[in-house]
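Have a look at run16.txt; it's compact mmCIF, C-alpha atoms:
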```txt
# COMPACT_ATOMS: atom_id res chain seq x y z
CA MET J 613 0.00 0.00 0.00
CA ALA J 614 1.50 3.34 -1.07
CA ASP J 615 1.01 6.55 0.85
CA VAL J 616 0.21 8.97 -2.00
CA ARG J 617 0.37 12.77 -1.62
CA LEU J 618 -1.22 14.98 -4.28
CA PRO J 619 -0.66 18.61 -5.25
CA SER J 620 -3.12 21.18 -3.96
CA THR J 621 -3.77 22.38 -7.51
CA LEU J 622 -5.74 19.19 -8.23
CA GLN J 623 -8.34 19.56 -5.47
CA PRO J 624 -10.39 22.29 -7.19
CA LEU J 625 -10.45 20.24 -10.37
CA PHE J 626 -11.85 17.06 -8.82
CA PRO J 627 -14.42 17.55 -6.06
CA GLY J 628 -13.79 15.26 -3.12
CA LEU J 629 -10.21 14.49 -4.05
CA PRO J 630 -8.09 14.29 -0.86
CA ARG J 631 -4.53 15.55 -0.55
CA GLN J 632 -3.41 12.19 0.82
CA LEU J 633 -4.67 8.67 0.21
CA ASP J 634 -3.56 5.04 0.36
CA VAL J 635 -3.33 3.22 -2.96
CA GLN J 636 -2.63 -0.45 -3.66
CA ALA J 637 -0.27 -0.34 -6.62
CA VAL J 638 3.04 -1.80 -7.78
CA SER J 639 4.15 1.18 -9.90
CA VAL J 640 3.61 4.92 -10.24
CA GLY J 641 1.60 4.23 -13.40
CA GLU J 642 -0.73 1.99 -11.43
CA VAL J 643 -1.22 4.73 -8.86
CA ILE J 644 -2.42 7.01 -11.62
CA ASP J 645 -4.61 4.25 -13.09
CA HIS J 646 -6.21 3.88 -9.69
CA LEU J 647 -6.73 7.61 -9.30
CA ASP J 648 -8.26 7.87 -12.78
CA ARG J 649 -10.81 5.17 -11.96
CA ASP J 650 -12.01 7.09 -8.93
CA TYR J 651 -11.55 10.58 -10.39
CA PRO J 652 -12.05 10.32 -14.16
CA GLY J 653 -9.86 12.71 -16.08
CA ILE J 654 -7.11 13.04 -13.48
CA ARG J 655 -4.73 11.11 -15.74
CA ASP J 656 -4.93 13.90 -18.33
CA ARG J 657 -3.94 16.44 -15.69
CA LEU J 658 -0.83 14.45 -14.77
CA CYS J 659 0.19 12.70 -17.99
CA GLU J 660 0.63 13.40 -21.67
CA PRO J 661 -0.38 10.86 -24.29
CA GLY J 662 2.15 8.09 -24.46
CA PRO J 663 1.70 8.10 -21.56
CA ALA J 664 4.43 10.13 -19.89
CA LEU J 665 4.38 12.45 -16.92
CA ARG J 666 3.71 16.06 -17.88
CA ARG J 667 6.79 18.22 -17.98
CA HIS J 668 6.02 20.12 -14.78
CA ILE J 669 4.56 17.19 -12.85
CA HIS J 670 7.25 15.55 -10.77
CA VAL J 671 6.89 12.30 -8.85
CA TYR J 672 9.09 11.15 -6.01
CA VAL J 673 9.04 7.66 -4.46
CA ASP J 674 10.56 7.75 -1.00
CA GLN J 675 12.21 11.06 -2.02
CA GLU J 676 13.76 9.64 -5.21
CA ARG J 677 12.65 11.13 -8.56
CA ALA J 678 10.42 8.59 -10.29
CA GLN J 679 8.71 7.93 -13.62
CA LEU J 680 5.56 6.04 -14.50
CA ASP J 681 7.34 2.69 -14.58
CA THR J 682 9.06 3.13 -11.23
CA SER J 683 8.25 0.20 -8.94
CA LEU J 684 6.72 0.73 -5.53
CA ALA J 685 7.74 -1.11 -2.41
CA ASP J 686 5.11 -1.85 0.19
CA ARG J 687 4.40 1.13 2.43
CA CYS J 688 6.40 3.53 0.32
CA ARG J 689 5.55 7.21 0.04
CA VAL J 690 4.67 8.70 -3.34
CA ASP J 691 4.75 12.49 -3.67
CA ILE J 692 3.16 13.90 -6.82
CA ILE J 693 3.95 17.59 -7.07
CA ALA J 694 3.29 20.46 -9.43
CA ALA J 695 6.86 21.65 -9.95
CA ILE J 696 7.91 25.15 -8.97
CA SER J 697 7.85 26.96 -12.28
CA GLY J 698 6.10 29.69 -14.17
CA GLY J 699 5.15 33.16 -13.02
CA MET Z 312 -34.45 43.27 -19.17
CA PRO Z 313 -31.54 41.55 -20.93
CA ARG Z 314 -28.19 41.48 -19.20
CA THR Z 315 -24.90 41.95 -20.98
CA LEU Z 316 -22.17 39.50 -20.09
CA LEU Z 317 -18.57 39.99 -21.14
CA LEU Z 318 -16.50 36.81 -21.11
CA ILE Z 319 -12.87 37.69 -20.56
CA GLY Z 320 -10.04 35.22 -21.04
CA THR Z 321 -6.81 36.17 -19.30
CA ARG Z 322 -3.41 34.76 -18.58
CA LYS Z 323 -4.68 33.92 -15.09
CA GLY Z 324 -8.16 32.54 -15.56
CA ALA Z 325 -11.49 33.76 -16.90
CA PHE Z 326 -13.46 36.71 -15.60
CA PHE Z 327 -16.97 37.97 -16.31
CA LEU Z 328 -18.22 41.52 -16.40
CA GLU Z 329 -21.98 41.73 -16.06
CA SER Z 330 -24.36 44.66 -16.46
CA ASP Z 331 -28.06 45.40 -16.68
CA ASP Z 332 -27.58 48.77 -18.35
CA ARG Z 333 -24.06 48.67 -19.88
CA LYS Z 334 -23.14 51.56 -17.60
CA THR Z 335 -22.36 49.91 -14.29
CA TRP Z 336 -20.52 46.62 -14.36
CA GLU Z 337 -19.93 43.89 -11.82
CA LEU Z 338 -16.79 41.77 -12.07
CA ARG Z 339 -16.88 38.05 -11.25
CA GLY Z 340 -14.04 35.54 -11.20
CA PRO Z 341 -11.38 34.41 -11.51
CA PHE Z 342 -12.67 31.16 -12.96
CA CYS Z 343 -10.85 28.12 -14.35
CA GLU Z 344 -8.45 28.00 -11.41
CA GLY Z 345 -6.08 30.57 -12.79
CA TRP Z 346 -5.24 28.59 -15.92
CA PRO Z 347 -4.35 30.72 -18.94
CA VAL Z 348 -7.63 31.09 -20.86
CA TYR Z 349 -7.15 31.69 -24.56
CA HIS Z 350 -10.82 32.01 -25.49
CA ALA Z 351 -14.17 31.90 -23.71
CA ILE Z 352 -17.51 31.77 -25.52
CA HIS Z 353 -21.24 31.58 -24.78
CA ASP Z 354 -23.53 29.09 -26.52
CA PRO Z 355 -26.85 30.88 -26.89
CA LYS Z 356 -28.66 27.62 -27.62
CA SER Z 357 -27.68 25.72 -24.47
CA GLY Z 358 -26.78 28.70 -22.31
CA ALA Z 359 -23.43 27.13 -21.47
CA ILE Z 360 -20.13 28.97 -21.30
CA TYR Z 361 -16.99 27.29 -22.57
CA ALA Z 362 -13.38 28.29 -21.96
CA ALA Z 363 -10.31 26.95 -23.75
CA ALA Z 364 -7.46 26.86 -21.26
CA ALA Z 365 -4.01 25.39 -21.02
CA SER Z 366 -2.09 25.01 -17.78
CA GLU Z 367 1.69 24.75 -17.68
CA TRP Z 368 1.27 22.03 -15.10
CA HIS Z 369 -1.95 20.21 -15.87
CA GLY Z 370 -2.23 20.51 -19.64
CA GLN Z 371 -5.07 21.71 -21.82
CA ALA Z 372 -8.80 21.35 -21.32
CA VAL Z 373 -12.09 22.91 -22.24
CA TRP Z 374 -13.99 24.19 -19.22
CA ARG Z 375 -17.78 24.34 -19.16
CA SER Z 376 -20.20 26.23 -16.97
CA PRO Z 377 -23.91 25.47 -17.45
CA ASP Z 378 -25.02 28.26 -15.10
CA LEU Z 379 -23.15 31.41 -16.09
CA GLY Z 380 -20.13 30.71 -13.94
CA GLU Z 381 -21.70 29.35 -10.75
CA THR Z 382 -20.29 25.87 -11.33
CA TRP Z 383 -17.62 24.54 -13.68
CA THR Z 384 -16.40 21.23 -15.00
CA HIS Z 385 -13.53 20.54 -17.36
CA SER Z 386 -12.57 17.83 -19.81
CA SER Z 387 -9.88 16.97 -22.28
CA GLU Z 388 -11.11 13.42 -22.89
CA GLY Z 389 -10.27 12.76 -26.53
CA ILE Z 390 -8.29 15.96 -27.12
CA ALA Z 391 -5.10 14.15 -28.07
CA TYR Z 392 -3.28 12.95 -31.14
CA GLU Z 393 -2.21 9.34 -31.46
CA PRO Z 394 0.92 9.03 -29.27
CA ASP Z 395 2.93 7.27 -31.97
CA GLY Z 396 2.16 9.87 -34.63
CA GLY Z 397 4.68 12.42 -33.44
CA ARG Z 398 2.14 15.22 -33.01
CA LYS Z 399 1.54 16.78 -29.62
CA ILE Z 400 -0.97 19.31 -28.36
CA SER Z 401 0.53 22.29 -26.59
CA LYS Z 402 -2.62 24.33 -26.19
CA VAL Z 403 -6.29 24.72 -27.00
CA SER Z 404 -6.44 28.08 -28.72
CA THR Z 405 -9.96 28.88 -29.89
CA LEU Z 406 -13.58 27.77 -29.61
CA ALA Z 407 -16.70 27.89 -31.77
CA VAL Z 408 -20.16 26.45 -31.32
CA SER Z 409 -23.14 26.01 -33.63
CA ASP Z 410 -26.17 23.76 -33.57
CA GLY Z 411 -24.81 21.46 -30.86
CA ARG Z 412 -21.39 21.18 -32.49
CA LEU Z 413 -18.63 22.47 -30.25
CA LEU Z 414 -15.22 22.88 -31.90
CA VAL Z 415 -11.84 23.60 -30.40
CA GLY Z 416 -8.77 24.56 -32.41
CA VAL Z 417 -5.45 23.34 -31.10
CA GLU Z 418 -1.70 23.41 -31.68
CA ALA Z 419 -0.21 21.36 -33.39
CA PRO Z 420 -2.84 22.50 -35.89
CA GLY Z 421 -6.01 20.50 -35.61
CA ILE Z 422 -9.70 20.77 -34.82
CA PHE Z 423 -11.52 18.57 -32.31
CA GLU Z 424 -15.28 18.37 -31.95
CA SER Z 425 -17.65 17.55 -29.13
CA ARG Z 426 -21.30 16.57 -29.58
CA ASP Z 427 -22.00 16.21 -25.85
CA GLU Z 428 -21.38 19.76 -24.64
CA GLY Z 429 -17.68 19.31 -24.05
CA GLN Z 430 -17.68 16.09 -22.05
CA THR Z 431 -15.87 14.05 -24.71
CA TRP Z 432 -14.00 15.02 -27.85
CA SER Z 433 -12.85 13.48 -31.10
CA LEU Z 434 -10.52 14.64 -33.83
CA LEU Z 435 -12.43 16.30 -36.67
CA SER Z 436 -9.62 17.48 -38.95
CA THR Z 437 -5.95 18.32 -39.15
CA LEU Z 438 -6.40 19.88 -42.61
CA ALA Z 439 -4.01 17.18 -43.77
CA GLY Z 440 -2.91 17.56 -47.36
CA GLN Z 441 -3.62 21.27 -47.54
CA PRO Z 442 -0.73 23.33 -48.94
CA GLY Z 443 1.64 24.17 -46.12
CA SER Z 444 0.54 21.27 -43.92
CA GLU Z 445 3.70 19.32 -44.70
CA ALA Z 446 5.71 21.75 -42.57
CA TRP Z 447 3.35 23.43 -40.12
CA ASP Z 448 3.73 20.85 -37.34
CA ASP Z 449 7.38 21.80 -36.91
CA PRO Z 450 7.60 24.33 -34.06
CA SER Z 451 10.56 25.97 -35.77
CA ASN Z 452 8.27 26.89 -38.67
CA GLN Z 453 5.57 28.40 -36.45
CA PRO Z 454 5.02 32.02 -35.51
CA PRO Z 455 5.45 33.01 -31.84
CA GLY Z 456 2.44 32.14 -29.77
CA HIS Z 457 2.16 28.68 -31.30
CA LEU Z 458 -1.61 28.87 -31.59
CA GLY Z 459 -1.99 26.34 -34.40
CA ILE Z 460 -5.63 26.82 -35.35
CA SER Z 461 -6.01 30.39 -34.13
CA ALA Z 462 -9.67 30.95 -35.02
CA LEU Z 463 -12.80 29.08 -36.07
CA THR Z 464 -15.86 30.86 -37.47
CA PHE Z 465 -19.15 29.09 -38.18
CA ASP Z 466 -21.54 30.16 -40.89
CA ARG Z 467 -24.66 31.43 -39.15
CA ASP Z 468 -27.10 29.32 -41.16
CA ASP Z 469 -25.16 26.25 -42.24
CA PRO Z 470 -23.35 24.29 -39.50
CA ASP Z 471 -21.46 22.29 -42.14
CA ARG Z 472 -19.72 25.46 -43.27
CA PHE Z 473 -16.98 27.15 -41.30
CA TRP Z 474 -13.63 28.86 -41.64
CA ALA Z 475 -10.37 28.06 -39.89
CA ILE Z 476 -7.23 30.16 -39.61
CA VAL Z 477 -3.96 28.26 -39.45
CA GLN Z 478 -1.61 30.70 -37.76
CA GLY Z 479 1.02 31.98 -40.17
CA ILE Z 480 -0.44 29.95 -43.06
CA GLY Z 481 -3.79 31.44 -43.96
CA LEU Z 482 -7.56 31.08 -44.05
CA PHE Z 483 -9.35 27.89 -45.08
CA GLU Z 484 -13.04 27.23 -45.73
CA THR Z 485 -14.98 24.01 -45.50
CA THR Z 486 -18.56 23.55 -46.71
CA ASP Z 487 -18.84 19.87 -45.79
CA TYR Z 488 -17.93 19.96 -42.11
CA ALA Z 489 -14.19 19.51 -42.55
CA GLN Z 490 -14.30 16.68 -45.07
CA SER Z 491 -12.62 19.01 -47.59
CA TRP Z 492 -11.02 22.42 -47.43
CA THR Z 493 -10.34 25.34 -49.76
CA PRO Z 494 -7.67 27.98 -49.08
CA ARG Z 495 -9.23 31.47 -49.13
CA ASN Z 496 -6.28 33.81 -49.44
CA ARG Z 497 -6.31 35.17 -52.99
CA GLY Z 498 -5.42 38.83 -53.14
CA LEU Z 499 -3.78 38.97 -49.73
CA ARG Z 500 -0.40 40.60 -49.39
CA ALA Z 501 2.67 38.85 -48.00
CA ASP Z 502 6.02 40.60 -47.69
CA TRP Z 503 7.99 37.39 -47.51
CA PRO Z 504 8.80 34.45 -49.82
CA ARG Z 505 6.12 31.78 -49.99
CA GLU Z 506 6.43 28.16 -51.04
CA HIS Z 507 2.80 27.80 -52.11
CA GLU Z 508 0.66 30.10 -54.21
CA GLU Z 509 -2.45 29.63 -52.08
CA VAL Z 510 -0.98 29.91 -48.57
CA GLY Z 511 1.80 31.54 -46.60
CA PHE Z 512 -0.26 34.51 -45.36
CA CYS Z 513 -0.48 35.64 -41.79
CA VAL Z 514 -4.18 36.12 -41.10
CA HIS Z 515 -4.64 37.53 -37.63
CA LYS Z 516 -8.40 38.02 -37.44
CA PHE Z 517 -11.29 37.17 -39.75
CA VAL Z 518 -14.82 38.54 -39.36
CA ARG Z 519 -18.00 38.46 -41.44
CA SER Z 520 -20.81 40.95 -41.59
CA PRO Z 521 -23.88 39.51 -39.86
CA LEU Z 522 -25.95 41.26 -42.54
CA ASP Z 523 -24.12 39.95 -45.58
CA GLY Z 524 -22.14 36.73 -45.42
CA ASP Z 525 -20.17 37.62 -48.53
CA ARG Z 526 -18.80 40.77 -46.86
CA MET Z 527 -15.71 39.86 -44.87
CA TYR Z 528 -12.84 41.75 -43.32
CA GLN Z 529 -9.52 40.61 -42.00
CA GLN Z 530 -6.64 42.10 -40.07
CA ASN Z 531 -3.54 40.60 -41.56
CA HIS Z 532 0.08 40.79 -40.44
CA VAL Z 533 0.55 43.20 -43.33
CA GLY Z 534 -2.62 45.14 -43.86
CA MET Z 535 -6.37 45.27 -43.60
CA HIS Z 536 -8.32 43.45 -46.29
CA ARG Z 537 -11.93 43.17 -47.41
CA SER Z 538 -13.76 40.53 -49.41
CA ASP Z 539 -17.07 41.08 -51.16
CA ASP Z 540 -17.39 37.55 -52.52
CA GLY Z 541 -17.34 35.30 -49.49
CA GLY Z 542 -13.56 35.13 -49.26
CA SER Z 543 -12.87 34.06 -52.84
CA THR Z 544 -10.82 37.23 -53.35
CA TRP Z 545 -9.47 39.93 -51.05
CA THR Z 546 -8.71 43.62 -51.58
CA GLU Z 547 -6.37 45.61 -49.36
CA ILE Z 548 -7.95 48.56 -47.48
CA THR Z 549 -5.04 49.65 -45.30
CA GLU Z 550 -4.71 53.18 -46.68
CA GLY Z 551 -5.65 55.75 -44.04
CA LEU Z 552 -4.68 53.63 -41.05
CA PRO Z 553 -1.64 54.56 -38.94
CA THR Z 554 -0.09 51.11 -39.28
CA GLU Z 555 -0.74 47.99 -41.30
CA PHE Z 556 -0.42 45.74 -38.26
CA GLY Z 557 -2.93 44.73 -35.60
CA PHE Z 558 -4.81 41.79 -34.24
CA ALA Z 559 -8.36 42.66 -33.23
CA ALA Z 560 -11.27 43.47 -35.53
CA ALA Z 561 -15.04 43.72 -35.24
CA THR Z 562 -17.95 44.23 -37.62
CA HIS Z 563 -20.93 46.45 -37.00
CA PRO Z 564 -24.06 44.38 -36.34
CA HIS Z 565 -26.35 46.62 -38.42
CA ASP Z 566 -24.15 48.07 -41.15
CA ARG Z 567 -22.15 45.95 -43.56
CA ASP Z 568 -19.81 48.84 -44.38
CA THR Z 569 -18.84 49.68 -40.80
CA PHE Z 570 -15.92 47.90 -39.25
CA TYR Z 571 -13.48 48.49 -36.38
CA VAL Z 572 -9.78 47.73 -35.96
CA ILE Z 573 -7.04 48.53 -33.46
CA PRO Z 574 -3.77 49.25 -35.29
CA LEU Z 575 -0.61 48.40 -33.38
CA ASP Z 576 3.08 49.08 -33.76
CA PRO Z 577 4.19 46.56 -36.40
CA GLY Z 578 7.53 45.96 -34.68
CA HIS Z 579 7.87 43.48 -31.92
CA GLY Z 580 6.41 45.85 -29.35
CA ARG Z 581 2.92 45.43 -30.80
CA THR Z 582 1.40 48.16 -28.69
CA MET Z 583 -0.68 51.16 -29.71
CA PRO Z 584 1.44 53.56 -31.79
CA ASP Z 585 3.17 56.33 -29.83
CA GLY Z 586 1.45 55.28 -26.62
CA HIS Z 587 -1.78 56.84 -27.91
CA ALA Z 588 -4.74 54.49 -27.54
CA ALA Z 589 -7.26 54.51 -30.37
CA VAL Z 590 -9.77 52.36 -32.20
CA TRP Z 591 -10.19 53.05 -35.91
CA ARG Z 592 -13.52 52.85 -37.73
CA THR Z 593 -14.55 52.80 -41.34
CA ARG Z 594 -18.12 53.53 -42.40
CA ASP Z 595 -17.47 52.97 -46.10
CA ALA Z 596 -15.99 49.46 -46.16
CA GLY Z 597 -12.43 50.70 -45.84
CA SER Z 598 -12.32 53.63 -48.26
CA SER Z 599 -11.71 55.99 -45.34
CA TRP Z 600 -10.95 55.63 -41.63
CA GLN Z 601 -11.68 57.65 -38.50
CA GLN Z 602 -9.58 57.63 -35.37
CA LEU Z 603 -11.70 57.10 -32.23
CA ASP Z 604 -9.84 58.01 -29.09
CA GLN Z 605 -12.17 60.06 -26.90
CA GLY Z 606 -12.06 58.56 -23.43
CA LEU Z 607 -9.05 56.40 -24.19
CA PRO Z 608 -5.61 57.20 -22.74
CA GLN Z 609 -3.91 59.76 -24.97
CA ARG Z 610 -0.32 59.37 -23.84
CA ASP Z 611 2.04 56.82 -22.30
CA ALA Z 612 -0.40 54.00 -23.01
CA TYR Z 613 1.76 51.23 -24.42
CA VAL Z 614 -0.99 48.65 -24.47
CA GLY Z 615 -1.66 45.81 -26.86
CA VAL Z 616 -4.91 44.17 -27.89
CA LEU Z 617 -4.86 40.56 -29.07
CA ARG Z 618 -6.83 38.92 -31.89
CA GLU Z 619 -9.81 37.75 -29.85
CA ALA Z 620 -9.88 40.72 -27.51
CA MET Z 621 -12.49 42.95 -29.21
CA ALA Z 622 -16.21 42.22 -29.35
CA VAL Z 623 -19.45 43.93 -30.32
CA ASP Z 624 -22.97 43.22 -29.12
CA ALA Z 625 -26.10 43.29 -31.27
CA ALA Z 626 -28.07 46.02 -29.48
CA ASP Z 627 -29.75 48.78 -31.49
CA ASP Z 628 -26.97 51.02 -30.18
CA PRO Z 629 -24.25 48.38 -30.31
CA GLY Z 630 -21.76 48.09 -27.49
CA LEU Z 631 -18.08 47.78 -28.40
CA TYR Z 632 -15.61 46.27 -25.98
CA PHE Z 633 -11.89 45.58 -25.99
CA GLY Z 634 -9.41 44.20 -23.48
CA THR Z 635 -5.75 45.04 -23.22
CA SER Z 636 -2.47 43.33 -22.52
CA THR Z 637 -2.31 45.41 -19.34
CA GLY Z 638 -5.66 44.30 -17.94
CA GLN Z 639 -8.10 47.08 -18.80
CA ILE Z 640 -11.50 46.71 -20.45
CA PHE Z 641 -12.81 49.68 -22.42
CA ALA Z 642 -16.38 50.01 -23.70
CA SER Z 643 -18.37 52.28 -26.00
CA THR Z 644 -22.12 52.43 -26.60
CA ASP Z 645 -22.06 55.19 -29.21
CA GLU Z 646 -20.42 53.37 -32.12
CA GLY Z 647 -16.95 54.05 -30.77
CA ASP Z 648 -17.23 57.83 -30.61
CA THR Z 649 -16.53 57.83 -26.87
CA TRP Z 650 -15.07 55.23 -24.59
CA GLY Z 651 -15.00 54.45 -20.88
CA GLN Z 652 -12.87 52.11 -18.84
CA ILE Z 653 -15.06 49.50 -17.16
CA ALA Z 654 -12.38 47.30 -15.56
CA ASP Z 655 -8.73 47.56 -14.58
CA TYR Z 656 -6.03 45.51 -12.89
CA LEU Z 657 -7.02 42.28 -14.59
CA PRO Z 658 -4.30 39.90 -15.77
CA PRO Z 659 -3.18 40.29 -19.40
CA ILE Z 660 -6.27 39.77 -21.56
CA SER Z 661 -6.39 37.21 -24.36
CA SER Z 662 -10.04 37.33 -25.36
CA VAL Z 663 -13.27 39.27 -24.95
CA GLU Z 664 -16.63 37.95 -26.09
CA VAL Z 665 -20.04 39.40 -25.38
CA ALA Z 666 -23.30 37.59 -24.67
CA THR Z 667 -26.79 38.96 -24.18
CA ILE Z 668 -28.64 37.01 -21.50
CA GLU Z 669 -32.44 37.27 -21.66
```

How does the structure come out when it is put into structure tokens?
Amino acid sequence: MADVRLPSTLQPLFPGLPRQLDVQAVSVGEVIDHLDRDYPGIRDRLCEPGPALRRHIHVYVDQERAQLDTSLADRCRVDIIAAISGG
Amino acid sequence: MPRTLLLIGTRKGAFFLESDDRKTWELRGPFCEGWPVYHAIHDPKSGAIYAAAASEWHGQAVWRSPDLGETWTHSSEGIAYEPDGGRKISKVSTLAVSDGRLLVGVEAPGIFESRDEGQTWSLLSTLAGQPGSEAWDDPSNQPPGHLGISALTFDRDDPDRFWAIVQGIGLFETTDYAQSWTPRNRGLRADWPREHEEVGFCVHKFVRSPLDGDRMYQQNHVGMHRSDDGGSTWTEITEGLPTEFGFAAATHPHDRDTFYVIPLDPGHGRTMPDGHAAVWRTRDAGSSWQQLDQGLPQRDAYVGVLREAMAVDAADDPGLYFGTSTGQIFASTDEGDTWGQIADYLPPISSVEVATIE
């Protein structure tokens, strides 16, 4: 079970979406699959077609930069952040 | 009594200005969570408002409000090219709606349609095979802004007929709902080499007279032009204007010969010449022009106005509105003779549309 943390910019886009939730998944991609089942459309906000993570969406697994195919250990922490950028 | 609603797209979300009398205005917003909004429109048939927006972080989507901004949803389901085709979408640039058909123009150039009020989308056309299309996907060939399809304009009576501008390439018409296309650029001026006879023109803004569908005007990168034959041929009408460059244009709702433009410095500043704000009007289809600046800042006003940032309502005394790159909205209800500022301190404005709500 992964401890998933989401960026605050997603909450207004998906009513009821928490900042933190537990997800049963073996990869970052599966985390996003799970989120998209419960909050349809959230994949498009995090990923480009391909799929690949959007340029300014960064994912860290236990503080290590991760991609969609990064494996998850049990009870790991997954931080999905909207990168500091723009103006 | 009908209300007037201005839909304002800005670099930091959408805003509405609302008025019962077009004298006092109430500002609402920001909407769309601060995403850059390139275009917001009202569908008079369904009453819905749509906004084309693209976030640096969360990508592009079309937002929808069924209740004049009280609630919003967004979707980009289906707004994507095949991942193995090499084409990507960087933004949703422009919207048009007619008879239940909602279109969005995107970059790389393409048009997606929705038949369910923006919930799901499918690719309608990339104008594949049109002259110029072999190179227009390459970002290095594109003008700054990278708008792709920068405007879509439906025919009022025939939803199978509409026009699309491919930024930096030209104007195209379809009469069979995007099954086939015809370039509509004959007679336009271009001050640069072109690889194709029919395209290679920089059409900034295209408008049609609501009274006469054959009467069209366009603000081009190099000059104002008029067509009297539904876009088959164009004639330049720049003489009398202070510059040949600008983005915004609007037609008069009750006079086919009256038309408004906002000339800008043709250099890369693209602000009003000499810091003197003015709208220019012709009442004789471009044979002569009048400068309209009463009520607009007369000095030190280095403001720009983008292609979708001027609108006109259909009242007996039509209201004219434009939004600036520095966040002001100006309005006139006397055909542009005098102007007043009705909003300030907004983010840089991309688009202004007007809706009359009964």

As a list in words, could you give me every residue of chain J near chain Z (at most 9 Å apart, counting all atoms listed in the file)?
Thr621, Leu622, Pro624, Leu625, Phe626, Gly653, Asp656, Arg657, Leu658, Cys659, Glu660, Pro661, Gly662, Pro663, Arg666, Arg667, His668, Ile669, Ala694, Ala695, Ser697 and Gly698 of chain J

One number please: CA of Ile654 in chain J to CA of Pro630 in chain J, in Å, one decimal.
12.7 Å

At a cut-off of 9 Å, using only C-alpha atoms, what residues contact Ser643 in chain Z? Leave out same-chain residues fewer than 2 positions from it and give the result as a count of residues only.
12

Atom pair CA of Arg617 in chain J / CA of Asp634 in chain J: separation (Å):
8.9 Å

How many Å lie between CA of Gly416 in chain Z and CA of Gly557 in chain Z, rounded to one decimal?
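CA of Gly416 in chain Z sits 21.2 Å away from CA of Gly557 in chain Z.
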
Which is closer to Glu418 in chain Z than all the others in Z:Ala359, Z:Ala439, Z:Leu458, Z:Leu603, using all atoms listed in the file?
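Distance minimum relative to Glu418 in chain Z lands on Z:Leu458.
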
Contacts of Ser444 in chain Z at 10 Å or less, counting all atoms listed in the file, minus same-chain residues fewer than 3 places along, as a list in words?
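Contacts, in chain order: Pro420, Thr437, Leu438, Ala439, Gly440, Gln441, Trp447, Asp448, Asp449, Val477, Ile480 and Val510 of chain Z.
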
What lies within 9 Å of Glu428 in chain Z using only C-alpha atoms, ignoring chain neighbours under 3 positions off, as a PyMOL selection string?
chain Z and resi 357+359+361+375+411-413+425+431

Working from the structure I just supplied, which lacks atoms in range 643-654 of chain Z, can you model N, CA and C atoms there and output them as an mmCIF file, in the frame of the given file?
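What ended up in out.cif:
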```
data_model
loop_
_atom_site.group_PDB
_atom_site.id
_atom_site.type_symbol
_atom_site.label_atom_id
_atom_site.label_comp_id
_atom_site.auth_asym_id
_atom_site.auth_seq_id
_atom_site.Cartn_x
_atom_site.Cartn_y
_atom_site.Cartn_z
ATOM 1 N N SER Z 643 -17.705 51.145 -25.353
ATOM 2 C CA SER Z 643 -18.370 52.280 -26.000
ATOM 3 C C SER Z 643 -19.790 51.843 -26.368
ATOM 4 N N THR Z 644 -20.746 52.725 -26.153
ATOM 5 C CA THR Z 644 -22.120 52.430 -26.600
ATOM 6 C C THR Z 644 -22.609 53.469 -27.594
ATOM 7 N N ASP Z 645 -21.661 54.219 -28.196
ATOM 8 C CA ASP Z 645 -22.060 55.190 -29.210
ATOM 9 C C ASP Z 645 -21.211 55.004 -30.479
ATOM 10 N N GLU Z 646 -21.098 53.722 -30.871
ATOM 11 C CA GLU Z 646 -20.420 53.370 -32.120
ATOM 12 C C GLU Z 646 -18.929 53.676 -32.093
ATOM 13 N N GLY Z 647 -18.377 53.807 -30.899
ATOM 14 C CA GLY Z 647 -16.950 54.050 -30.770
ATOM 15 C C GLY Z 647 -16.575 55.512 -30.661
ATOM 16 N N ASP Z 648 -17.571 56.410 -30.690
ATOM 17 C CA ASP Z 648 -17.230 57.830 -30.610
ATOM 18 C C ASP Z 648 -16.602 58.182 -29.268
ATOM 19 N N THR Z 649 -17.123 57.595 -28.192
ATOM 20 C CA THR Z 649 -16.530 57.830 -26.870
ATOM 21 C C THR Z 649 -16.391 56.497 -26.154
ATOM 22 N N TRP Z 650 -15.404 56.464 -25.282
ATOM 23 C CA TRP Z 650 -15.070 55.230 -24.590
ATOM 24 C C TRP Z 650 -14.957 55.465 -23.092
ATOM 25 N N GLY Z 651 -15.210 54.410 -22.323
ATOM 26 C CA GLY Z 651 -15.000 54.450 -20.880
ATOM 27 C C GLY Z 651 -14.326 53.172 -20.435
ATOM 28 N N GLN Z 652 -13.538 53.296 -19.385
ATOM 29 C CA GLN Z 652 -12.870 52.110 -18.840
ATOM 30 C C GLN Z 652 -13.815 51.444 -17.847
ATOM 31 N N ILE Z 653 -14.116 50.182 -18.032
ATOM 32 C CA ILE Z 653 -15.060 49.500 -17.160
ATOM 33 C C ILE Z 653 -14.397 48.447 -16.272
ATOM 34 N N ALA Z 654 -13.119 48.195 -16.466
ATOM 35 C CA ALA Z 654 -12.380 47.300 -15.560
ATOM 36 C C ALA Z 654 -10.906 47.601 -15.685
#
```
